[in-house]
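Following: one structure in structure tokens, then a few remarks.
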Amino acid sequence: MKRITESKTSDFFVGQNEILFTRSKDSVTEFFAFDNSWLVKQVDHNYFALSTVGENYEKIEEQLFSQVQNFKKTEGLNGETFFCNYQMGTIHGFDKKGERILEWKPNVGLGHAIYDIKFQTPDYLWLAFPTGHTITQVSISQRKEIFRIGNYTYNDITDPLNYPESIFIRDNFLPIPNMGNGELLEVNLVNKELSLKDTFESPLWQYEETPIGTFTLTNTGIYLVEQP
């Protein structure tokens, strides 16, 4: 594996053929990006937001009442985007013009915070509840839970999920990084079977396959696992 950053960062965001992330320094957010040259450069908020959200980011930020780096984002159909902040728990949806199409606080999770969201065609969102050791699939149109792995526990029951901080969808598979034990699990979205895909020595905060490579985020930084 190739180490890209020298320390843990925020979760990374995927732009157009580049990876972006943030760091807080003296209560100020700093923005960074790198492409397949693997050279990390500092950028500004405008660059970050344009790269991760698009030209309507200012209109969306006005409706979110906060900057986009404070939200997890997933892309839907026809230019739609969905956002969620773990402190608020409300899912916000926008069309390609930045007009609001959804404002929904799912009645799931039993008080645990949503740390990540991912859209699945045609009408689903997957939500990650790391403190509850649970991921769940909800229907946007029906506004209800369809499927889940875990039981939103407040106990130390961490099998099979162990602090799933983030999620990612590839074709018909949902990789789930287990921050608590370094395991990378995977759900087959066709039959909903769960299997072990890989194991890492460090806590695994994020795993994502992108146009410039497969990356992980651990306690010691962002790593390139495999090039396309």
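By convention here, the chains of the structure tokens are called A, B, ... in the order presented, each chain's residues are numbered starting at 1, and ligands are numbered starting at 1 in the order presented.
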- Task: Any chance you could list, as a PyMOL selection string, the residues in range 58-87 of chain A that come up helix (DSSP H, G or I) when DSSP is run on the backbone?
- Result: chain A and resi 58-64+68-70
Discussion item. From a backbone DSSP assignment, name each residue in range 45-105 of chain A labelled strand (DSSP E or B), as a PyMOL selection string.
Written reply: chain A and resi 72-75+81-84+91-94+100-104
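With only C-alpha atoms as the atoms that count, the residue of A:Asn46, A:Gly111, A:Thr5, A:Leu185 with the shortest distance to Thr153 in chain A is A:Gly111.
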Find the residues of range 178-218 of chain A that sit at most 10 Å from range 14-21 of chain A; for each, write down the nearest two atoms and how far apart they are in Å, to one decimal. Count only C-alpha atoms. Sort by chain, then by number going up, and give it as a Markdown table.
| residue | atom | partner | partner_atom | distance |
| --- | --- | --- | --- | --- |
| A:Glu208 | CA | A:Val14 | CA | 8.9 |
| A:Glu209 | CA | A:Val14 | CA | 9.4 |
| A:Thr210 | CA | A:Val14 | CA | 7.1 |
| A:Pro211 | CA | A:Asn17 | CA | 6.1 |
| A:Ile212 | CA | A:Asn17 | CA | 6.0 |
| A:Gly213 | CA | A:Asn17 | CA | 9.5 |
| A:Phe215 | CA | A:Ile19 | CA | 9.4 |
Between A:Asn172, A:Thr9, A:Asn36, A:Thr29, smallest distance to Glu226 in chain A by only C-alpha atoms belongs to A:Asn36
Exercise for review: Tell me, as a ChimeraX atom specification, which residues lie within 6 Å of range 96-110 of chain A, counting only C-alpha atoms; anything in the same chain fewer than 2 positions away does not count.
Suggested key: /A:56,60,79-80,90-94,112,152
Practice task
Would you kindly return, as a ChimeraX atom specification, each protein, DNA or RNA residue with an atom no farther than 8 Å from any atom of Asn151 in chain A, considering only C-alpha atoms and excluding same-chain residues fewer than 4 positions away?
Solution key: /A:132-134
- Query: Which residue, A:Val43, A:Leu217, A:Ile149, A:Leu50, has the smallest gap to Phe12 in chain A when you use only C-alpha atoms?
  - Reply: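 Once distances to Phe12 in chain A are computed over only C-alpha atoms, the minimum belongs to A:Leu217.
Distance check against Phe200 in chain A using only C-alpha atoms: of A:Phe31, A:Asp123, A:Ala49, A:Asn219, the minimum falls on A:Asn219.
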- Task: Could you give me, as a PyMOL selection string, the residues within 9 Å of Pro177 in chain A, counting only C-alpha atoms and dropping anything in the same chain fewer than 5 positions from it?
- Result: chain A and resi 161-168+182-186+203-207+216
Only N, CA and C atoms, please: the residues just picked out, written as a short mmCIF file (atom, residue, chain, number, x, y, z; two decimals), in the first residue's frame.
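The result, written out as selection20.cif:
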data_model
loop_
_atom_site.label_atom_id
_atom_site.label_comp_id
_atom_site.auth_asym_id
_atom_site.auth_seq_id
_atom_site.Cartn_x
_atom_site.Cartn_y
_atom_site.Cartn_z
N LEU A 161 -20.99 -6.52 12.84
CA LEU A 161 -20.48 -5.17 12.59
C LEU A 161 -19.83 -4.60 13.85
N ASN A 162 -18.74 -3.88 13.63
CA ASN A 162 -17.95 -3.35 14.73
C ASN A 162 -17.56 -1.90 14.39
N TYR A 163 -18.44 -0.97 14.76
CA TYR A 163 -18.28 0.45 14.43
C TYR A 163 -18.10 0.67 12.91
N PRO A 164 -19.14 0.41 12.13
CA PRO A 164 -19.09 0.68 10.69
C PRO A 164 -19.22 2.18 10.42
N GLU A 165 -18.11 2.87 10.31
CA GLU A 165 -18.11 4.33 10.20
C GLU A 165 -18.56 4.83 8.83
N SER A 166 -18.33 4.03 7.79
CA SER A 166 -18.65 4.49 6.44
C SER A 166 -19.08 3.30 5.59
N ILE A 167 -19.68 3.61 4.43
CA ILE A 167 -20.14 2.58 3.51
C ILE A 167 -19.86 3.04 2.08
N PHE A 168 -19.88 2.09 1.16
CA PHE A 168 -19.56 2.38 -0.23
C PHE A 168 -20.28 1.36 -1.09
N GLY A 182 -10.84 -3.52 12.03
CA GLY A 182 -10.03 -3.54 10.82
C GLY A 182 -10.54 -4.47 9.73
N GLU A 183 -11.69 -5.07 9.92
CA GLU A 183 -12.24 -5.96 8.90
C GLU A 183 -12.99 -5.16 7.83
N LEU A 184 -12.86 -5.59 6.60
CA LEU A 184 -13.65 -5.05 5.50
C LEU A 184 -14.67 -6.12 5.09
N LEU A 185 -15.92 -5.88 5.45
CA LEU A 185 -16.99 -6.80 5.10
C LEU A 185 -17.65 -6.35 3.80
N GLU A 186 -18.52 -7.20 3.26
CA GLU A 186 -19.17 -6.86 2.00
C GLU A 186 -20.55 -7.52 1.95
N PRO A 203 -7.35 0.28 12.55
CA PRO A 203 -8.78 0.59 12.46
C PRO A 203 -9.12 1.17 11.10
N LEU A 204 -10.17 0.67 10.49
CA LEU A 204 -10.52 1.03 9.12
C LEU A 204 -11.70 2.00 9.13
N TRP A 205 -11.42 3.28 8.88
CA TRP A 205 -12.44 4.31 8.94
C TRP A 205 -13.20 4.45 7.63
N GLN A 206 -12.52 4.21 6.51
CA GLN A 206 -13.16 4.40 5.22
C GLN A 206 -12.47 3.54 4.17
N TYR A 207 -13.28 3.06 3.22
CA TYR A 207 -12.78 2.30 2.07
C TYR A 207 -13.58 2.74 0.87
N THR A 216 -8.03 3.63 1.36
CA THR A 216 -8.52 3.42 2.72
C THR A 216 -8.08 4.59 3.59
#
Extract, using only C-alpha atoms, all DNA, RNA and protein residues at most 9 Å from Gln67 in chain A, discarding same-chain residues fewer than 5 positions from it, and format them as a PDB file with N, CA and C atoms, in the first residue's frame.
ATOM      1  N   HIS A  45     -12.017  26.577   0.016  1.00  0.00           N
ATOM      2  CA  HIS A  45     -13.367  26.016   0.151  1.00  0.00           C
ATOM      3  C   HIS A  45     -14.094  25.995  -1.180  1.00  0.00           C
ATOM      4  N   ALA A  49     -15.683  22.638  -2.703  1.00  0.00           N
ATOM      5  CA  ALA A  49     -17.129  22.506  -2.894  1.00  0.00           C
ATOM      6  C   ALA A  49     -17.495  22.302  -4.357  1.00  0.00           C
ATOM      7  N   TYR A  57     -23.327  24.537  -5.435  1.00  0.00           N
ATOM      8  CA  TYR A  57     -23.029  24.296  -4.024  1.00  0.00           C
ATOM      9  C   TYR A  57     -23.466  25.446  -3.122  1.00  0.00           C
ATOM     10  N   GLU A  58     -23.346  26.691  -3.599  1.00  0.00           N
ATOM     11  CA  GLU A  58     -23.726  27.825  -2.751  1.00  0.00           C
ATOM     12  C   GLU A  58     -25.229  27.810  -2.456  1.00  0.00           C
ATOM     13  N   ILE A  60     -27.088  25.172  -2.385  1.00  0.00           N
ATOM     14  CA  ILE A  60     -27.322  24.044  -1.471  1.00  0.00           C
ATOM     15  C   ILE A  60     -26.878  24.402  -0.059  1.00  0.00           C
ATOM     16  N   GLU A  61     -25.721  25.059   0.085  1.00  0.00           N
ATOM     17  CA  GLU A  61     -25.251  25.445   1.417  1.00  0.00           C
ATOM     18  C   GLU A  61     -26.232  26.376   2.113  1.00  0.00           C
ATOM     19  N   GLU A  62     -26.848  27.272   1.360  1.00  0.00           N
ATOM     20  CA  GLU A  62     -27.840  28.178   1.949  1.00  0.00           C
ATOM     21  C   GLU A  62     -28.998  27.397   2.566  1.00  0.00           C
TER      22      GLU A  62
END
Got a sec: who's within 6 Å of Leu224 in chain A, counting only C-alpha atoms, leaving out chain neighbours fewer than 4 positions off, as a CSV table (one decimal) with C-alpha atoms, in the first residue's frame?
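Below is the file that was written, selection-v3.csv:
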chain,number,residue,atom,x,y,z
A,1,MET,CA,0.0,0.0,0.0
A,2,LYS,CA,1.1,3.5,-0.7
A,214,THR,CA,-8.8,2.1,-4.2
A,215,PHE,CA,-8.2,4.0,-1.0
Across A:Thr218, A:Gln42, A:Ser139, A:Thr52, the smallest distance to Thr81 in chain A, with only C-alpha atoms counted, is shown by A:Thr52
The residue from A:Asn85, A:Ser195, A:Ser141, A:Asn70 with the smallest atom-to-atom distance to Thr22 in chain A, counting only C-alpha atoms, is A:Asn70
